[in-house]
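Working notes, structure below.
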Protein chains: 6
Amino acid sequence: MAMHQLVEYTEASAEVRAVYDDIMATRKTDWINNFWKALANDPVTLRRTWESIKQIMAPGALDPLIKEMIYIAVSVTNQCPYCIASHTASARNKGMTDAMFHELMAVVGMANETNRLASGYQVEIDEQFKQ
Amino acid sequence: MAMHQLVEYTEASAEVRAVYDDIMATRKTDWINNFWKALANDPVTLRRTWESIKQIMAPGALDPLIKEMIYIAVSVTNQCPYCIASHTASARNKGMTDAMFHELMAVVGMANETNRLASGYQVEIDEQFKQ
Amino acid sequence: MAMHQLVEYTEASAEVRAVYDDIMATRKTDWINNFWKALANDPVTLRRTWESIKQIMAPGALDPLIKEMIYIAVSVTNQCPYCIASHTASARNKGMTDAMFHELMAVVGMANETNRLASGYQVEIDEQFKQ
Amino acid sequence: MAMHQLVEYTEASAEVRAVYDDIMATRKTDWINNFWKALANDPVTLRRTWESIKQIMAPGALDPLIKEMIYIAVSVTNQCPYCIASHTASARNKGMTDAMFHELMAVVGMANETNRLASGYQVEIDEQFKQ
Amino acid sequence: MAMHQLVEYTEASAEVRAVYDDIMATRKTDWINNFWKALANDPVTLRRTWESIKQIMAPGALDPLIKEMIYIAVSVTNQCPYCIASHTASARNKGMTDAMFHELMAVVGMANETNRLASGYQVEIDEQFKQ
Amino acid sequence: MAMHQLVEYTEASAEVRAVYDDIMATRKTDWINNFWKALANDPVTLRRTWESIKQIMAPGALDPLIKEMIYIAVSVTNQCPYCIASHTASARNKGMTDAMFHELMAVVGMANETNRLASGYQVEIDEQFKQ
């Protein structure tokens, strides 16, 4: 059901190829996943999105595996099947164990539950949390 | 705008006090935040929710600070003001630095963006992500 | 923080008053809540929305109290503070007890949790559920 | 995986056919898409939903193509695959170019990102925005 | 596209089998649906989730069919395909008629609409709803 | 309830001031709203977010007012109070009339409704929408 043509490397413009090359070099992989091939229909968004992700997902105060797990937490909360599949695979590649995945899911599930209990009971924010 | 009475320790039943005592002992704190005081209107849900959170947020394959940051990621995605305020405070108590918080927010923002690009472009899941 | 003027009965057009009158008559009440006063800035949407709600919330295969509780379930899931406050008040008026509210919240919380477990674990739909 | 029978024109009641006829006449098309065939199981909702959409999507202060793009923005944010597919097709029929679609996606993605930055940083509304 | 192995009864540990047995006994059925088979990869979450659902969905102030319909309302709002399919089937088994399902959908749809009208018009909560 | 200090121009670093100057020059305004003052705690995210928004919201295949209305559509769907207030103000500044706002809200509300009808009825995507 791809409504948008996937832009393969061999048929890509030099501009798109430059991004693909950087993705593969940065990720130390030899293929490009469909997300980027779809975005390549709009080279401006392809480049901006890749540059942002490259900056955000790099090692920093949080390590890349933790960042992938946070990405999964958001994707699961939003119910985005593509994103769940791709970031779960990425996290596995970066060393996420089964035990880590199970705990991640448990926290995500629980947070989605208590978010609704807090709003349903119309709980006011404690003064202690305001400073 | 509290629609539901907050159950204070001094007026709580023994059943509710037992949960409050366990919360304070487990968290090494001497006060109970409004979330629990609101849930205490329903002692069954108070106990079940606390027991679940206590189990889920304990140290395991992921450390408690990472779990708090995942909790924030979900709460921000769902736009739950109470949960954002309370779990940001908890994460700070567990050692989240400014730099960690900034990176957490950057990842959460980006994930919410690319979740929509993936669905808007109707991207099919790559075979490589299915196994 | 009302960005939109609330249209009071005394200053309303005949068209708007007719809707207000029908709301008060249908609900057996003598005041109009802010939601309708805000919508009254757009009389077309005011009328269409009221006519739809009047039709949908009337007694039928489900009784009006059950419908109010379903309204709360949606509003809590979406984290809409106005809607939670107003429909909780309506449900109380229609006979929702504390015990019913507590069970409603427990189900809403749990459903939000298992929704994420189902998507996070990428669970395929059983054949038995397809027919 | 259709849990609900699709009501085809040839087997539809006169009541349902009248709505189908109006849909096809209004949209200048000769077929009915699955959304309406599913809703036709409930003729009351079929009629109310169609009458509302017909009123809302008609030319007015905003032109119909802009309205279709707003529909896509909501559907992508909610991650509704059927709605994304159907409204993207409708917008194409009304003249949405590739360039327009790409910009639409960029805005939708960015808005979903900054929505979370605003809530995550607990930003208070500026006085200037309140009047 | 199952990323996670489904744990079948014959290959399950005693710990998992005990939960499966309780699910089948409680629900008076002779099979286990994929949701539980996926969760069984994490026996701790399997047990906690099942115990919570068993407690929450039992008859109480609300009857089990009403609870199933509330579950559907949340699942539809969150756009969780697995959950919609499974809880619609469960509700049918508990006696949900076509007429009840149609009214449930009408309320869920309308609530999702008015939730956005309330927030888009930035409607302030009426004093009457605060106590 | 600002958990994060707002960085005022007079106390900002040269790096942050450069972004503030560009925001004010681009928007032809003489003040900075709280969103940017909060993000300024993380100059890297401040710059990246501003550069992205500047690029995305510029005139192109869609005019800036349409883009602001799409931003509102997303913000209302996500129930983000800050974003609704700020982008409604921006759209007003760019020429959004009352009539345009009312139609925008009507479309956003309806789309949120039919998104749930489509998923609740488990409607399959028509072949015609796949190509």
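Residue names in the structure tokens use chain letters A, B, ... in the order shown, residue numbers from 1 in each chain, and ligand numbers from 1 in the order shown.
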
*asked:* Select, as a ChimeraX atom specification, those residues of chain D with any atom no more than 10 Å from chain C (distances computed using only C-alpha atoms).
replied: /D:1-4,44-45,48-49,51-52,55-56,125,127,129-131

*asked:* Excluding F:Asn33 and its own-chain neighbours fewer than 5 positions away, which residues fall within 9 Å of it when counting only C-alpha atoms? Please give them as a ChimeraX atom specification.
replied: /D:125-126,128 /F:86

I need the chosen residues saved as a PDB file, in the first residue's frame, with N, CA and C atoms.
ATOM      1  N   ILE D 125       1.575  29.889  29.209  1.00  0.00           N
ATOM      2  CA  ILE D 125       1.060  30.706  28.106  1.00  0.00           C
ATOM      3  C   ILE D 125       1.380  32.177  28.364  1.00  0.00           C
ATOM      4  N   ASP D 126       1.959  32.837  27.367  1.00  0.00           N
ATOM      5  CA  ASP D 126       2.294  34.262  27.466  1.00  0.00           C
ATOM      6  C   ASP D 126       1.022  35.101  27.616  1.00  0.00           C
ATOM      7  N   GLN D 128       0.472  37.810  26.294  1.00  0.00           N
ATOM      8  CA  GLN D 128       0.127  38.334  24.956  1.00  0.00           C
ATOM      9  C   GLN D 128      -0.800  37.408  24.178  1.00  0.00           C
TER      10      GLN D 128
ATOM     11  N   SER F  86      -0.742  29.869  21.177  1.00  0.00           N
ATOM     12  CA  SER F  86       0.274  30.612  20.429  1.00  0.00           C
ATOM     13  C   SER F  86       0.019  30.573  18.923  1.00  0.00           C
TER      14      SER F  86
END

*Write out as a ChimeraX atom specification each polymer residue whose atoms come within 10 Å of B:Ala111, counting only C-alpha atoms; drop sequence neighbours fewer than 3 positions from it.*
/A:53,68,70-75,78,83 /B:73,77,105-108,114-117 /D:109,112-113,116

*Residue set, stretch 34-63 of chain B restricted to alpha helix (DSSP H), as a PyMOL selection string*: chain B and resi 34-39+43-57

*Show which residues sit within 8 Å of E:Tyr82, as a ChimeraX atom specification. Count only C-alpha atoms, and ignore same-chain residues fewer than 6 positions away.*
/C:118-119,123-125

Based on the selection just made, write N, CA, C and O atoms of those residues as a PDB file, in the first residue's frame.
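out24.pdb, freshly written:
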ATOM      1  N   ALA C 118      -0.078  -4.385  23.596  1.00  0.00           N
ATOM      2  CA  ALA C 118      -0.437  -5.066  22.345  1.00  0.00           C
ATOM      3  C   ALA C 118       0.355  -4.506  21.169  1.00  0.00           C
ATOM      4  O   ALA C 118       0.842  -5.251  20.313  1.00  0.00           O
ATOM      5  N   SER C 119       0.495  -3.185  21.112  1.00  0.00           N
ATOM      6  CA  SER C 119       1.231  -2.637  19.980  1.00  0.00           C
ATOM      7  C   SER C 119       2.735  -2.775  20.160  1.00  0.00           C
ATOM      8  O   SER C 119       3.458  -3.072  19.212  1.00  0.00           O
ATOM      9  N   VAL C 123       1.578  -7.583  18.425  1.00  0.00           N
ATOM     10  CA  VAL C 123       0.754  -8.789  18.429  1.00  0.00           C
ATOM     11  C   VAL C 123      -0.164  -8.819  17.203  1.00  0.00           C
ATOM     12  O   VAL C 123      -0.874  -7.859  16.918  1.00  0.00           O
ATOM     13  N   GLU C 124      -0.131  -9.934  16.488  1.00  0.00           N
ATOM     14  CA  GLU C 124      -1.015 -10.104  15.332  1.00  0.00           C
ATOM     15  C   GLU C 124      -2.420 -10.491  15.785  1.00  0.00           C
ATOM     16  O   GLU C 124      -2.583 -11.235  16.754  1.00  0.00           O
ATOM     17  N   ILE C 125      -3.402 -10.047  15.031  1.00  0.00           N
ATOM     18  CA  ILE C 125      -4.789 -10.359  15.368  1.00  0.00           C
ATOM     19  C   ILE C 125      -5.070 -11.841  15.134  1.00  0.00           C
ATOM     20  O   ILE C 125      -4.752 -12.385  14.075  1.00  0.00           O
TER      21      ILE C 125
END

*By how many Å are atom CA of E:Thr26 and atom CA of A:Met110 apart?*
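Answer for the atom CA of E:Thr26 to atom CA of A:Met110 separation: 23.8 Å.
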